[in-house]
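Text of work-v7.tsv, listed as TSV, C-alpha atoms:
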```tsv
chain	number	residue	atom	x	y	z
O	1	MET	CA	-34.00	-138.81	-158.74
O	2	GLN	CA	-33.54	-137.92	-162.42
O	3	PHE	CA	-33.34	-134.21	-161.68
O	4	GLU	CA	-31.32	-134.32	-158.46
O	5	LYS	CA	-27.82	-132.94	-158.63
O	6	GLU	CA	-26.82	-134.88	-155.55
O	7	LEU	CA	-28.43	-137.94	-153.99
O	8	ASP	CA	-27.93	-136.71	-150.45
O	9	ASP	CA	-29.69	-137.72	-147.24
O	10	SER	CA	-32.57	-135.32	-147.84
O	11	VAL	CA	-33.41	-137.17	-151.07
O	12	VAL	CA	-33.07	-140.51	-149.29
O	13	ASP	CA	-35.49	-139.34	-146.62
O	14	ARG	CA	-38.00	-138.03	-149.15
O	15	ILE	CA	-37.99	-141.17	-151.30
O	16	ALA	CA	-38.14	-143.54	-148.32
O	17	TYR	CA	-41.02	-141.58	-146.79
O	18	ALA	CA	-42.92	-141.64	-150.09
O	19	LEU	CA	-42.43	-145.40	-150.50
O	20	VAL	CA	-43.71	-146.05	-146.99
O	21	THR	CA	-46.66	-143.67	-147.00
O	22	GLU	CA	-47.70	-143.71	-150.68
O	23	PRO	CA	-46.73	-147.09	-152.20
O	24	LEU	CA	-46.36	-147.28	-155.95
O	25	SER	CA	-49.15	-148.68	-158.09
O	26	THR	CA	-50.89	-151.58	-156.30
O	27	MET	CA	-47.84	-152.57	-154.27
O	28	THR	CA	-47.66	-152.79	-150.50
O	29	GLN	CA	-44.79	-151.35	-148.50
O	30	ASP	CA	-43.37	-154.85	-147.99
O	31	GLU	CA	-43.55	-155.61	-151.71
O	32	GLU	CA	-41.70	-152.41	-152.58
O	33	TYR	CA	-39.02	-153.19	-150.04
O	34	GLN	CA	-38.65	-156.75	-151.30
O	35	VAL	CA	-38.35	-155.68	-154.96
O	36	LEU	CA	-35.58	-153.23	-154.12
O	37	SER	CA	-33.81	-155.74	-151.88
O	38	ASP	CA	-33.97	-158.46	-154.52
O	39	GLY	CA	-32.73	-156.06	-157.18
O	40	LEU	CA	-29.63	-155.30	-155.13
O	41	ALA	CA	-29.04	-158.89	-154.05
O	42	HIS	CA	-29.18	-160.21	-157.60
O	43	ALA	CA	-27.35	-157.26	-159.17
O	44	SER	CA	-30.32	-156.65	-161.46
O	45	PRO	CA	-29.61	-154.15	-164.24
O	46	ILE	CA	-30.63	-150.55	-163.65
O	47	PRO	CA	-33.66	-149.76	-165.86
O	48	ALA	CA	-32.63	-147.66	-168.85
O	49	VAL	CA	-36.06	-146.26	-169.75
O	50	ILE	CA	-35.19	-142.93	-168.12
O	51	PRO	CA	-31.68	-141.55	-168.68
O	52	MET	CA	-29.93	-140.92	-165.38
O	53	ARG	CA	-26.95	-138.65	-164.71
O	54	GLN	CA	-25.65	-141.01	-162.02
O	55	GLU	CA	-23.60	-144.13	-162.66
O	56	PRO	CA	-25.16	-147.54	-161.84
O	57	ALA	CA	-22.89	-148.00	-158.83
O	58	GLU	CA	-24.04	-144.68	-157.36
O	59	LEU	CA	-27.68	-145.57	-157.97
O	60	ARG	CA	-27.28	-148.95	-156.25
O	61	GLU	CA	-25.64	-147.27	-153.27
O	62	PHE	CA	-28.53	-144.80	-153.14
O	63	VAL	CA	-31.11	-147.62	-153.17
O	64	SER	CA	-29.29	-149.34	-150.31
O	65	ARG	CA	-29.50	-146.14	-148.28
O	66	VAL	CA	-33.23	-145.86	-149.06
O	67	LEU	CA	-33.74	-149.41	-147.79
O	68	ALA	CA	-31.80	-148.62	-144.62
O	69	ARG	CA	-33.94	-145.53	-144.09
O	70	MET	CA	-37.11	-147.60	-144.61
O	71	ASP	CA	-35.82	-150.07	-142.03
O	72	SER	CA	-35.30	-147.26	-139.53
O	73	MET	CA	-38.93	-146.23	-140.00
O	74	ARG	CA	-40.33	-149.59	-138.89
O	75	PRO	CA	-42.97	-150.38	-137.83
O	76	TRP	CA	-44.44	-148.79	-140.92
O	77	PRO	CA	-47.73	-146.96	-140.50
O	78	ALA	CA	-50.92	-148.75	-141.51
O	79	LEU	CA	-52.07	-147.27	-144.79
O	80	PRO	CA	-55.52	-145.65	-144.88
O	81	TYR	CA	-56.13	-147.35	-148.25
O	82	HIS	CA	-54.40	-149.03	-151.14
O	83	ARG	CA	-55.20	-149.31	-154.82
O	84	LEU	CA	-56.46	-152.69	-155.99
O	85	PRO	CA	-55.42	-154.30	-159.29
O	86	GLU	CA	-57.36	-153.47	-162.43
O	87	ASP	CA	-58.84	-156.97	-162.60
O	88	SER	CA	-60.62	-156.39	-159.28
O	89	ILE	CA	-63.37	-154.80	-161.39
O	90	SER	CA	-65.47	-157.94	-160.82
O	91	ALA	CA	-65.99	-156.82	-157.21
O	92	PHE	CA	-68.03	-153.88	-158.50
O	93	LYS	CA	-70.52	-155.87	-160.53
O	94	ASN	CA	-73.43	-154.89	-158.27
O	95	ALA	CA	-71.79	-152.01	-156.46
O	96	THR	CA	-74.07	-149.27	-155.17
O	97	PRO	CA	-73.50	-145.62	-156.17
O	98	ILE	CA	-73.35	-143.62	-152.95
O	99	ALA	CA	-71.92	-140.22	-153.92
O	100	ARG	CA	-71.19	-137.90	-156.81
O	101	ILE	CA	-67.81	-136.16	-156.91
O	102	SER	CA	-67.87	-132.97	-158.97
O	103	SER	CA	-64.19	-132.90	-159.78
O	104	SER	CA	-61.82	-134.01	-162.53
O	105	VAL	CA	-59.92	-137.28	-162.48
O	106	ASN	CA	-56.63	-135.37	-162.42
O	107	ASP	CA	-57.72	-133.42	-159.36
O	108	VAL	CA	-58.84	-136.54	-157.49
O	109	GLU	CA	-55.62	-138.36	-158.42
O	110	SER	CA	-53.58	-135.57	-156.86
O	111	ARG	CA	-55.74	-135.60	-153.73
O	112	ILE	CA	-55.50	-139.35	-153.14
O	113	SER	CA	-51.91	-139.75	-154.45
O	114	ARG	CA	-52.96	-142.73	-156.52
O	115	GLY	CA	-53.53	-143.09	-160.25
O	116	PHE	CA	-56.74	-144.13	-161.96
O	117	TYR	CA	-56.83	-146.85	-164.58
O	118	TRP	CA	-57.43	-145.05	-167.87
O	119	GLY	CA	-58.93	-146.19	-171.16
O	120	THR	CA	-60.40	-149.48	-169.96
O	121	GLU	CA	-63.59	-151.06	-171.21
O	122	PHE	CA	-65.14	-149.85	-167.95
O	123	GLY	CA	-64.05	-146.27	-168.51
O	124	THR	CA	-61.65	-144.53	-166.14
O	125	PHE	CA	-61.72	-145.89	-162.61
O	126	ILE	CA	-59.82	-146.64	-159.44
O	127	PRO	CA	-60.66	-149.42	-156.95
O	128	LEU	CA	-59.53	-148.90	-153.36
O	129	LYS	CA	-59.46	-151.09	-150.29
O	130	MET	CA	-59.80	-148.97	-147.19
O	131	ARG	CA	-58.18	-149.64	-143.84
O	132	SER	CA	-61.58	-150.73	-142.51
O	133	GLY	CA	-61.72	-153.47	-145.15
O	134	ARG	CA	-64.34	-151.67	-147.24
O	135	VAL	CA	-63.90	-151.90	-151.00
O	136	ILE	CA	-64.89	-148.75	-152.85
O	137	GLY	CA	-64.39	-147.43	-156.36
O	138	MET	CA	-64.54	-144.21	-158.32
O	139	PHE	CA	-65.72	-144.36	-161.94
O	140	THR	CA	-66.22	-141.96	-164.83
O	141	PRO	CA	-68.08	-141.47	-167.08
O	142	PHE	CA	-71.29	-142.51	-165.36
O	143	TRP	CA	-73.78	-139.76	-166.07
O	144	ASP	CA	-74.61	-139.09	-169.72
O	145	ASP	CA	-74.33	-135.33	-169.36
O	146	SER	CA	-71.30	-135.05	-167.10
O	147	ASP	CA	-67.73	-136.21	-166.45
O	148	ASP	CA	-68.36	-136.16	-162.69
O	149	ILE	CA	-67.05	-139.17	-160.80
O	150	VAL	CA	-69.36	-141.66	-159.14
O	151	LEU	CA	-68.28	-143.18	-155.83
O	152	VAL	CA	-69.51	-146.73	-155.36
O	153	ASP	CA	-69.49	-149.16	-152.45
O	154	ALA	CA	-68.78	-152.82	-153.30
O	155	THR	CA	-69.22	-154.05	-149.73
O	156	HIS	CA	-72.77	-152.70	-149.42
O	157	GLU	CA	-72.36	-151.13	-146.01
O	158	PRO	CA	-75.74	-150.48	-144.36
O	159	ASP	CA	-74.63	-146.95	-143.40
O	160	ARG	CA	-73.28	-145.40	-146.58
O	161	SER	CA	-72.37	-142.20	-144.73
O	162	ASP	CA	-69.66	-144.13	-142.88
O	163	VAL	CA	-68.10	-145.14	-146.20
O	164	ILE	CA	-68.04	-141.57	-147.49
O	165	ASP	CA	-66.74	-140.22	-144.19
O	166	GLU	CA	-63.86	-142.71	-144.17
O	167	LEU	CA	-62.81	-141.69	-147.68
O	168	LEU	CA	-62.95	-137.98	-146.86
O	169	SER	CA	-60.99	-138.42	-143.63
O	170	ALA	CA	-58.31	-140.51	-145.36
O	171	THR	CA	-57.78	-138.28	-148.41
O	172	ARG	CA	-57.60	-134.65	-149.44
O	173	ILE	CA	-60.77	-134.82	-151.54
O	174	ASP	CA	-62.67	-131.56	-151.10
O	175	PRO	CA	-65.89	-132.35	-149.19
O	176	SER	CA	-67.65	-129.51	-151.02
O	177	THR	CA	-67.35	-131.48	-154.26
O	178	VAL	CA	-69.08	-134.55	-152.81
O	179	THR	CA	-72.85	-134.96	-153.09
O	180	ARG	CA	-74.30	-137.86	-151.13
O	181	LEU	CA	-76.85	-139.77	-153.17
O	182	THR	CA	-80.25	-140.63	-151.77
O	183	ALA	CA	-82.06	-143.94	-152.03
O	184	GLU	CA	-83.90	-142.65	-155.10
O	185	ASP	CA	-80.57	-142.13	-156.85
O	186	PHE	CA	-79.29	-145.67	-156.32
O	187	GLU	CA	-78.67	-147.70	-159.42
O	188	THR	CA	-76.60	-150.78	-160.15
O	189	PHE	CA	-73.92	-150.96	-162.79
O	190	THR	CA	-75.34	-153.96	-164.56
O	191	ASP	CA	-78.75	-155.13	-165.57
O	192	GLU	CA	-77.72	-158.22	-167.44
O	193	TYR	CA	-79.86	-161.11	-166.25
O	194	MET	CA	-83.22	-161.95	-167.79
O	195	THR	CA	-86.18	-162.00	-165.43
O	196	THR	CA	-89.46	-163.80	-165.00
O	197	PRO	CA	-92.65	-162.26	-163.52
O	198	ILE	CA	-94.66	-163.55	-160.59
O	199	GLN	CA	-97.54	-165.83	-161.46
O	200	SER	CA	-100.69	-163.93	-162.35
O	201	ASN	CA	-102.76	-165.56	-159.60
O	202	PHE	CA	-100.71	-163.66	-157.00
O	203	ARG	CA	-101.42	-160.19	-158.38
O	204	ASP	CA	-102.72	-157.68	-155.79
O	205	GLU	CA	-101.68	-159.95	-152.90
O	206	ASN	CA	-100.17	-156.90	-151.20
O	207	ILE	CA	-103.44	-154.95	-151.24
O	208	ALA	CA	-105.65	-154.94	-148.18
O	209	GLY	CA	-108.75	-157.08	-148.66
O	210	ASN	CA	-107.25	-159.07	-151.54
O	211	SER	CA	-108.77	-162.41	-152.44
O	212	VAL	CA	-105.46	-164.26	-152.77
O	213	TRP	CA	-104.69	-165.01	-149.12
O	214	ASP	CA	-108.09	-165.09	-147.46
O	215	GLY	CA	-107.77	-161.81	-145.61
O	216	LYS	CA	-104.00	-161.74	-145.26
O	217	GLN	CA	-101.79	-159.16	-146.93
O	218	VAL	CA	-98.28	-159.90	-148.25
O	219	ALA	CA	-95.60	-157.36	-147.35
O	220	TYR	CA	-93.95	-155.70	-150.36
O	221	LEU	CA	-90.63	-154.09	-149.40
O	222	THR	CA	-89.52	-150.60	-150.36
O	223	SER	CA	-86.01	-150.11	-151.78
O	224	ASP	CA	-84.76	-149.03	-148.34
O	225	GLU	CA	-86.45	-151.95	-146.55
O	226	ARG	CA	-85.02	-154.37	-149.12
O	227	GLU	CA	-81.48	-153.47	-148.14
O	228	ALA	CA	-81.84	-155.30	-144.82
O	229	TYR	CA	-82.13	-158.57	-146.76
O	230	ARG	CA	-79.26	-158.05	-149.21
O	231	LEU	CA	-76.49	-160.66	-149.29
O	232	THR	CA	-72.96	-159.84	-150.39
O	233	VAL	CA	-69.97	-161.98	-151.27
O	234	ARG	CA	-66.52	-161.49	-149.82
O	235	ASP	CA	-63.73	-164.00	-150.32
O	236	GLY	CA	-66.23	-166.54	-151.62
O	237	LEU	CA	-68.49	-166.32	-148.55
O	238	LEU	CA	-71.98	-164.88	-148.10
O	239	TYR	CA	-72.48	-162.02	-145.64
O	240	ASP	CA	-75.62	-160.29	-144.43
O	241	THR	CA	-75.99	-156.54	-144.06
O	242	ARG	CA	-74.73	-156.66	-140.48
O	243	GLY	CA	-71.42	-158.01	-141.75
O	244	GLN	CA	-72.13	-161.45	-140.31
O	245	LEU	CA	-71.51	-164.70	-142.19
O	246	TYR	CA	-74.88	-165.81	-143.53
O	247	ASP	CA	-76.13	-168.99	-141.93
O	248	THR	CA	-79.49	-170.68	-142.51
O	249	SER	CA	-79.21	-173.31	-139.77
O	250	SER	CA	-82.20	-171.87	-137.90
O	251	ALA	CA	-84.13	-170.80	-141.00
O	252	ARG	CA	-87.13	-172.59	-142.47
O	253	THR	CA	-89.37	-172.22	-145.49
O	254	LEU	CA	-92.87	-173.36	-146.30
O	255	TRP	CA	-91.23	-175.79	-148.71
O	256	SER	CA	-88.75	-177.09	-146.11
O	257	PRO	CA	-90.44	-176.83	-142.69
O	258	GLU	CA	-87.81	-179.14	-141.20
O	259	GLY	CA	-85.44	-176.17	-141.36
O	260	GLY	CA	-81.99	-175.36	-142.66
O	261	ARG	CA	-83.06	-173.34	-145.70
O	262	ALA	CA	-84.05	-169.74	-146.40
O	263	ILE	CA	-85.95	-168.20	-149.29
O	264	PHE	CA	-84.10	-165.98	-151.77
O	265	VAL	CA	-84.54	-164.02	-154.96
O	266	MET	CA	-81.99	-162.53	-157.35
O	267	ASP	CA	-82.64	-159.28	-159.18
O	268	SER	CA	-81.66	-158.45	-162.75
O	269	GLY	CA	-78.28	-157.14	-161.64
O	270	GLY	CA	-77.32	-160.32	-159.84
O	271	THR	CA	-77.95	-159.12	-156.28
O	272	LEU	CA	-79.27	-161.72	-153.84
O	273	TYR	CA	-81.87	-161.03	-151.17
O	274	SER	CA	-82.73	-163.67	-148.59
O	275	SER	CA	-84.81	-164.14	-145.45
O	276	PRO	CA	-84.90	-166.93	-142.88
O	277	HIS	CA	-88.63	-166.29	-142.51
O	278	HIS	CA	-91.26	-167.48	-144.97
O	279	VAL	CA	-94.72	-166.76	-143.63
O	280	LEU	CA	-97.84	-167.90	-145.48
O	281	GLY	CA	-99.81	-164.92	-146.75
O	282	GLU	CA	-97.42	-162.43	-145.15
O	283	PHE	CA	-93.88	-162.77	-146.46
O	284	HIS	CA	-93.02	-164.57	-149.71
O	285	HIS	CA	-90.50	-164.49	-152.55
O	286	SER	CA	-92.53	-161.66	-154.05
O	287	SER	CA	-91.91	-159.52	-150.95
O	288	PHE	CA	-88.25	-158.74	-151.74
O	289	LEU	CA	-88.76	-157.05	-155.11
O	290	ALA	CA	-92.28	-155.80	-154.35
O	291	GLY	CA	-93.86	-158.12	-156.89
O	292	GLU	CA	-91.48	-157.15	-159.69
O	293	PRO	CA	-89.87	-159.78	-161.96
O	294	ALA	CA	-86.89	-161.71	-160.59
O	295	ALA	CA	-83.85	-163.26	-162.26
O	296	GLY	CA	-83.96	-166.24	-159.90
O	297	ALA	CA	-85.88	-167.46	-156.87
O	298	GLY	CA	-85.95	-170.42	-154.55
O	299	GLU	CA	-84.28	-171.67	-151.39
O	300	LEU	CA	-80.69	-171.63	-150.27
O	301	ASP	CA	-78.74	-173.52	-147.63
O	302	ALA	CA	-75.69	-171.71	-146.22
O	303	ARG	CA	-73.53	-172.54	-143.21
O	304	GLU	CA	-71.11	-169.97	-141.84
O	305	GLY	CA	-71.19	-168.15	-145.15
O	306	ARG	CA	-70.58	-171.21	-147.33
O	307	ILE	CA	-73.46	-171.80	-149.69
O	308	ARG	CA	-74.16	-175.50	-150.03
O	309	LEU	CA	-77.43	-175.75	-151.94
O	310	ILE	CA	-79.91	-173.73	-153.95
O	311	SER	CA	-83.30	-174.85	-155.15
O	312	ASP	CA	-85.87	-173.34	-157.49
O	313	GLN	CA	-88.77	-173.81	-155.06
O	314	SER	CA	-90.94	-170.74	-155.53
O	315	SER	CA	-94.62	-170.92	-156.29
O	316	HIS	CA	-94.67	-167.17	-156.93
O	317	TYR	CA	-92.07	-167.22	-159.72
O	318	ARG	CA	-91.87	-170.90	-160.72
O	319	PRO	CA	-88.52	-170.18	-162.39
O	320	ALA	CA	-87.42	-172.26	-165.35
O	321	ARG	CA	-84.06	-173.92	-164.99
O	322	ARG	CA	-82.29	-171.24	-166.97
O	323	PHE	CA	-83.09	-168.75	-164.20
O	324	THR	CA	-81.53	-170.95	-161.53
O	325	GLU	CA	-78.50	-171.36	-163.78
O	326	GLN	CA	-78.25	-167.57	-163.83
O	327	VAL	CA	-78.01	-167.59	-160.04
O	328	VAL	CA	-75.13	-170.06	-160.18
O	329	ASP	CA	-73.44	-167.91	-162.84
O	330	SER	CA	-73.77	-164.78	-160.73
O	331	LEU	CA	-72.34	-166.52	-157.66
O	332	ALA	CA	-69.41	-167.86	-159.66
O	333	ARG	CA	-68.64	-164.39	-161.06
O	334	GLN	CA	-68.52	-163.03	-157.53
O	335	GLY	CA	-65.98	-165.64	-156.46
O	336	VAL	CA	-68.21	-168.22	-154.81
O	337	PRO	CA	-66.86	-171.75	-155.37
O	338	VAL	CA	-69.75	-173.49	-157.12
O	339	GLY	CA	-68.07	-176.76	-158.08
O	340	ASP	CA	-69.63	-178.62	-155.16
O	341	LEU	CA	-72.81	-176.56	-155.01
O	342	GLN	CA	-75.90	-178.78	-154.95
O	343	ILE	CA	-78.69	-177.60	-157.24
O	344	GLU	CA	-82.15	-178.91	-156.61
O	345	TYR	CA	-84.49	-178.51	-159.56
O	346	HIS	CA	-88.25	-178.78	-159.35
O	347	SER	CA	-89.02	-177.37	-162.80
O	348	PRO	CA	-88.80	-179.61	-165.87
O	349	PRO	CA	-85.68	-179.26	-168.08
O	350	ASP	CA	-87.54	-177.96	-171.10
O	351	ARG	CA	-89.96	-175.61	-169.33
O	352	MET	CA	-89.94	-172.14	-170.90
```
Take the structure in the file and give it back as structure tokens.
Amino acid sequence: MQFEKELDDSVVDRIAYALVTEPLSTMTQDEEYQVLSDGLAHASPIPAVIPMRQEPAELREFVSRVLARMDSMRPWPALPYHRLPEDSISAFKNATPIARISSSVNDVESRISRGFYWGTEFGTFIPLKMRSGRVIGMFTPFWDDSDDIVLVDATHEPDRSDVIDELLSATRIDPSTVTRLTAEDFETFTDEYMTTPIQSNFRDENIAGNSVWDGKQVAYLTSDEREAYRLTVRDGLLYDTRGQLYDTSSARTLWSPEGGRAIFVMDSGGTLYSSPHHVLGEFHHSSFLAGEPAAGAGELDAREGRIRLISDQSSHYRPARRFTEQVVDSLARQGVPVGDLQIEYHSPPDRM
């Protein structure tokens, strides 16, 4: 508006269309409309940060025409995505890198019509919530030798191609700049939790003919196989990789044969893996991370996504209490209400 000689209907149309199709900052269309309506209703002062050639009365009249034009455009189109607030960074704690975008931040900003957050402690990034409900983010720097942008998926979709395809179809990002990462490229953003190894008497349990399980062989999962057991948190609830609320009603463990609990482990980045099946000599806590150290291990009880109890029952890891406390900390950071969470300890308080 600052450079317009006349605030005619063409300018009204252009501004109204932009507000409806490309909302400012993290606002929704309704929030924009409400702010403008409230400003007029309460005769709020016209911001003086930018000098305007028009008088306040003319600017108010222009805003009223923009609102009328927005009204005439109802119902407003569903947006393909919107930018999340900067403090939504917690959602990306264990996000999975799924693509590399060989382009500058300025170029991507122009192609998605949204601004990145610059100069934060997490670098330069933008979090987006897609129309599908997926939460994705773009971050830089990520690679030591490049300013390329990494695309990450915070909802841990089983088919990462769908996530990338949705972004490309909803924006003007050049597909030729996007390299899809393979399983070998996957990393997590954090590696902050201390770990404990499996007990030495279980070594080689995954090798045929081992002496640990009297002829049985414990399955050790590959990184791709592990994904089927990953749990994610959305709105304080646990979900499995199918997008279903995690429920252990029909699960049972060797520690709790009466049922209602599943085994779990947590890796050093705070990601949970869980299975309703715990089979002697075939599938154990050690299966998830292929015998590698874990940041927590035990049982969990969840009903319709609400986690009610965790225990430290794991003969493979025998985690000290500080490891179970790490699990609670990770859940709390991801938005799980832990105030009423029951914690069942089987290790002594001072065990190191």
Might I get the box with edges along x, y and z of the file that holds all atoms of range 11-28 of chain O listed there, padded by 3 Å on every side, given as centre and edge lengths in Å to one decimal, as lines of an AutoDock Vina configuration file?
```
center_x = -42.0
center_y = -145.0
center_z = -152.4
size_x = 23.8
size_y = 21.6
size_z = 17.5
```
inquiry  = One number please: CA of Arg131 in chain O to CA of Arg114 in chain O, in Å, one decimal.
reply    =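 If I compute the distance from CA of Arg131 in chain O to CA of Arg114 in chain O, I get 15.4 Å.
When CA of Met1 in chain O is paired with CA of Met70 in chain O, their separation reads 16.9 Å.
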Within 8 Å of range 317-331 of chain O using only C-alpha atoms, minus same-chain residues under 5 positions, as a list in words = Tyr193, Met194, Thr195, Thr196, Pro197, Ile198, Gln199, Met266, Gly270, His285, Ser286, Ala294, Ala295, Gly296, Ala297, Ser311, Asp312, Val336, Pro337, Val338, Tyr345, Ser347, Pro348, Pro349, Arg351 and Met352 of chain O
key: All residues 10 Å or closer to range 39-46 of chain O, all atoms listed in the file, same chain fewer than 5 positions away omitted, as a PyMOL selection string   = chain O and resi 33-34+52+55-57+59-61+63-64
remark   = Computed gap from CA of Ser169 in chain O to CA of Thr124 in chain O is 23.3 Å
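Distances to Asp8 in chain O were evaluated for O:Ala99, O:Arg65, O:Val35, O:Leu221 using all atoms listed in the file, and the minimum falls at O:Arg65.
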inquiry  = My list of candidates is O:Tyr273, O:Tyr117, O:Trp143, O:Phe283. Which is closest to Ser223 in chain O when distances are computed with only C-alpha atoms?
reply    =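 Between O:Tyr273, O:Tyr117, O:Trp143, O:Phe283, the residue approaching Ser223 in chain O most closely is O:Tyr273.
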message = Report as number ranges by chain all protein, DNA and RNA residues lying within 7 Å of range 247-255 of chain O, evaluated on only C-alpha atoms, omitting residues in the same chain fewer than 6 positions from it.
response = O: 261-263, 276-278, 301-305
What would the file look like if the residues just selected were written as an mmCIF file, in the coordinates of the input with C-alpha atoms?
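Generated file (selection.cif):
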```cif
data_model
loop_
_atom_site.group_PDB
_atom_site.id
_atom_site.type_symbol
_atom_site.label_atom_id
_atom_site.label_comp_id
_atom_site.auth_asym_id
_atom_site.auth_seq_id
_atom_site.Cartn_x
_atom_site.Cartn_y
_atom_site.Cartn_z
ATOM 1 C CA ARG O 261 -83.060 -173.340 -145.700
ATOM 2 C CA ALA O 262 -84.050 -169.740 -146.400
ATOM 3 C CA ILE O 263 -85.950 -168.200 -149.290
ATOM 4 C CA PRO O 276 -84.900 -166.930 -142.880
ATOM 5 C CA HIS O 277 -88.630 -166.290 -142.510
ATOM 6 C CA HIS O 278 -91.260 -167.480 -144.970
ATOM 7 C CA ASP O 301 -78.740 -173.520 -147.630
ATOM 8 C CA ALA O 302 -75.690 -171.710 -146.220
ATOM 9 C CA ARG O 303 -73.530 -172.540 -143.210
ATOM 10 C CA GLU O 304 -71.110 -169.970 -141.840
ATOM 11 C CA GLY O 305 -71.190 -168.150 -145.150
#
```
Do you know which residues lie at most 7 Å from (-44.2, -150.3, -145.7), with coordinates as in the file and only C-alpha atoms counted, and could you write them as a CSV table (one decimal) with C-alpha atoms, in the frame of the given file?
```csv
chain,number,residue,atom,x,y,z
O,20,VAL,CA,-43.7,-146.0,-147.0
O,28,THR,CA,-47.7,-152.8,-150.5
O,29,GLN,CA,-44.8,-151.4,-148.5
O,30,ASP,CA,-43.4,-154.8,-148.0
O,76,TRP,CA,-44.4,-148.8,-140.9
```
request  = Check the smallest atom-to-atom distance from each of O:Ala68, O:Ala18, O:Phe264, O:Ser10 to Ser37 in chain O using all atoms listed in the file, then report the winner.
outcome  =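 Ranked by minimum distance to Ser37 in chain O, first place goes to O:Ala68.
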inquiry  = Here is a test: counting all atoms listed in the file, which residue of O:Arg226, O:Asp145, O:Leu36, O:Thr120 is nearest to Val66 in chain O?
reply    =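 Among the listed residues, O:Leu36 lies closest to Val66 in chain O.
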ask   = Using only C-alpha atoms, which of O:Val279, O:Leu151, O:Ala16, O:Ile126 sits nearest Ser102 in chain O?
value = O:Leu151
ask   = Using all atoms listed in the file, which residue out of O:Leu84, O:Tyr246, O:Glu282, O:Pro23 lies closest to Ala208 in chain O?
value =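 With all atoms listed in the file as the atom set, the closest residue is O:Glu282.
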Residue neighbourhood His156 in chain O, 12 Å, only C-alpha atoms, exclusion window fewer than 2 positions, as a VMD selection string = chain O and resid 91 to 98 133 to 136 152 to 154 158 to 163 186 188 227 to 234 239 to 243 271 to 272
With C-alpha atoms retained, write the just-selected residues as a CSV table (one decimal), in the frame of the given file.
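The resulting file, part_16.csv, is reproduced below:
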```csv
chain,number,residue,atom,x,y,z
O,91,ALA,CA,-66.0,-156.8,-157.2
O,92,PHE,CA,-68.0,-153.9,-158.5
O,93,LYS,CA,-70.5,-155.9,-160.5
O,94,ASN,CA,-73.4,-154.9,-158.3
O,95,ALA,CA,-71.8,-152.0,-156.5
O,96,THR,CA,-74.1,-149.3,-155.2
O,97,PRO,CA,-73.5,-145.6,-156.2
O,98,ILE,CA,-73.4,-143.6,-153.0
O,133,GLY,CA,-61.7,-153.5,-145.2
O,134,ARG,CA,-64.3,-151.7,-147.2
O,135,VAL,CA,-63.9,-151.9,-151.0
O,136,ILE,CA,-64.9,-148.8,-152.8
O,152,VAL,CA,-69.5,-146.7,-155.4
O,153,ASP,CA,-69.5,-149.2,-152.4
O,154,ALA,CA,-68.8,-152.8,-153.3
O,158,PRO,CA,-75.7,-150.5,-144.4
O,159,ASP,CA,-74.6,-147.0,-143.4
O,160,ARG,CA,-73.3,-145.4,-146.6
O,161,SER,CA,-72.4,-142.2,-144.7
O,162,ASP,CA,-69.7,-144.1,-142.9
O,163,VAL,CA,-68.1,-145.1,-146.2
O,186,PHE,CA,-79.3,-145.7,-156.3
O,188,THR,CA,-76.6,-150.8,-160.2
O,227,GLU,CA,-81.5,-153.5,-148.1
O,228,ALA,CA,-81.8,-155.3,-144.8
O,229,TYR,CA,-82.1,-158.6,-146.8
O,230,ARG,CA,-79.3,-158.0,-149.2
O,231,LEU,CA,-76.5,-160.7,-149.3
O,232,THR,CA,-73.0,-159.8,-150.4
O,233,VAL,CA,-70.0,-162.0,-151.3
O,234,ARG,CA,-66.5,-161.5,-149.8
O,239,TYR,CA,-72.5,-162.0,-145.6
O,240,ASP,CA,-75.6,-160.3,-144.4
O,241,THR,CA,-76.0,-156.5,-144.1
O,242,ARG,CA,-74.7,-156.7,-140.5
O,243,GLY,CA,-71.4,-158.0,-141.8
O,271,THR,CA,-78.0,-159.1,-156.3
O,272,LEU,CA,-79.3,-161.7,-153.8
```
Quick one: everything within 12 Å of Arg172 in chain O, counting all atoms listed in the file, minus sequence neighbours fewer than 6 positions away in the same chain. Send it as an mmCIF file with C-alpha atoms, in the coordinates of the input.
```cif
data_model
loop_
_atom_site.group_PDB
_atom_site.id
_atom_site.type_symbol
_atom_site.label_atom_id
_atom_site.label_comp_id
_atom_site.auth_asym_id
_atom_site.auth_seq_id
_atom_site.Cartn_x
_atom_site.Cartn_y
_atom_site.Cartn_z
ATOM 1 C CA ASP O 107 -57.720 -133.420 -159.360
ATOM 2 C CA VAL O 108 -58.840 -136.540 -157.490
ATOM 3 C CA GLU O 109 -55.620 -138.360 -158.420
ATOM 4 C CA SER O 110 -53.580 -135.570 -156.860
ATOM 5 C CA ARG O 111 -55.740 -135.600 -153.730
ATOM 6 C CA ILE O 112 -55.500 -139.350 -153.140
ATOM 7 C CA SER O 113 -51.910 -139.750 -154.450
ATOM 8 C CA ARG O 114 -52.960 -142.730 -156.520
ATOM 9 C CA ASP O 165 -66.740 -140.220 -144.190
ATOM 10 C CA GLU O 166 -63.860 -142.710 -144.170
ATOM 11 C CA VAL O 178 -69.080 -134.550 -152.810
#
```
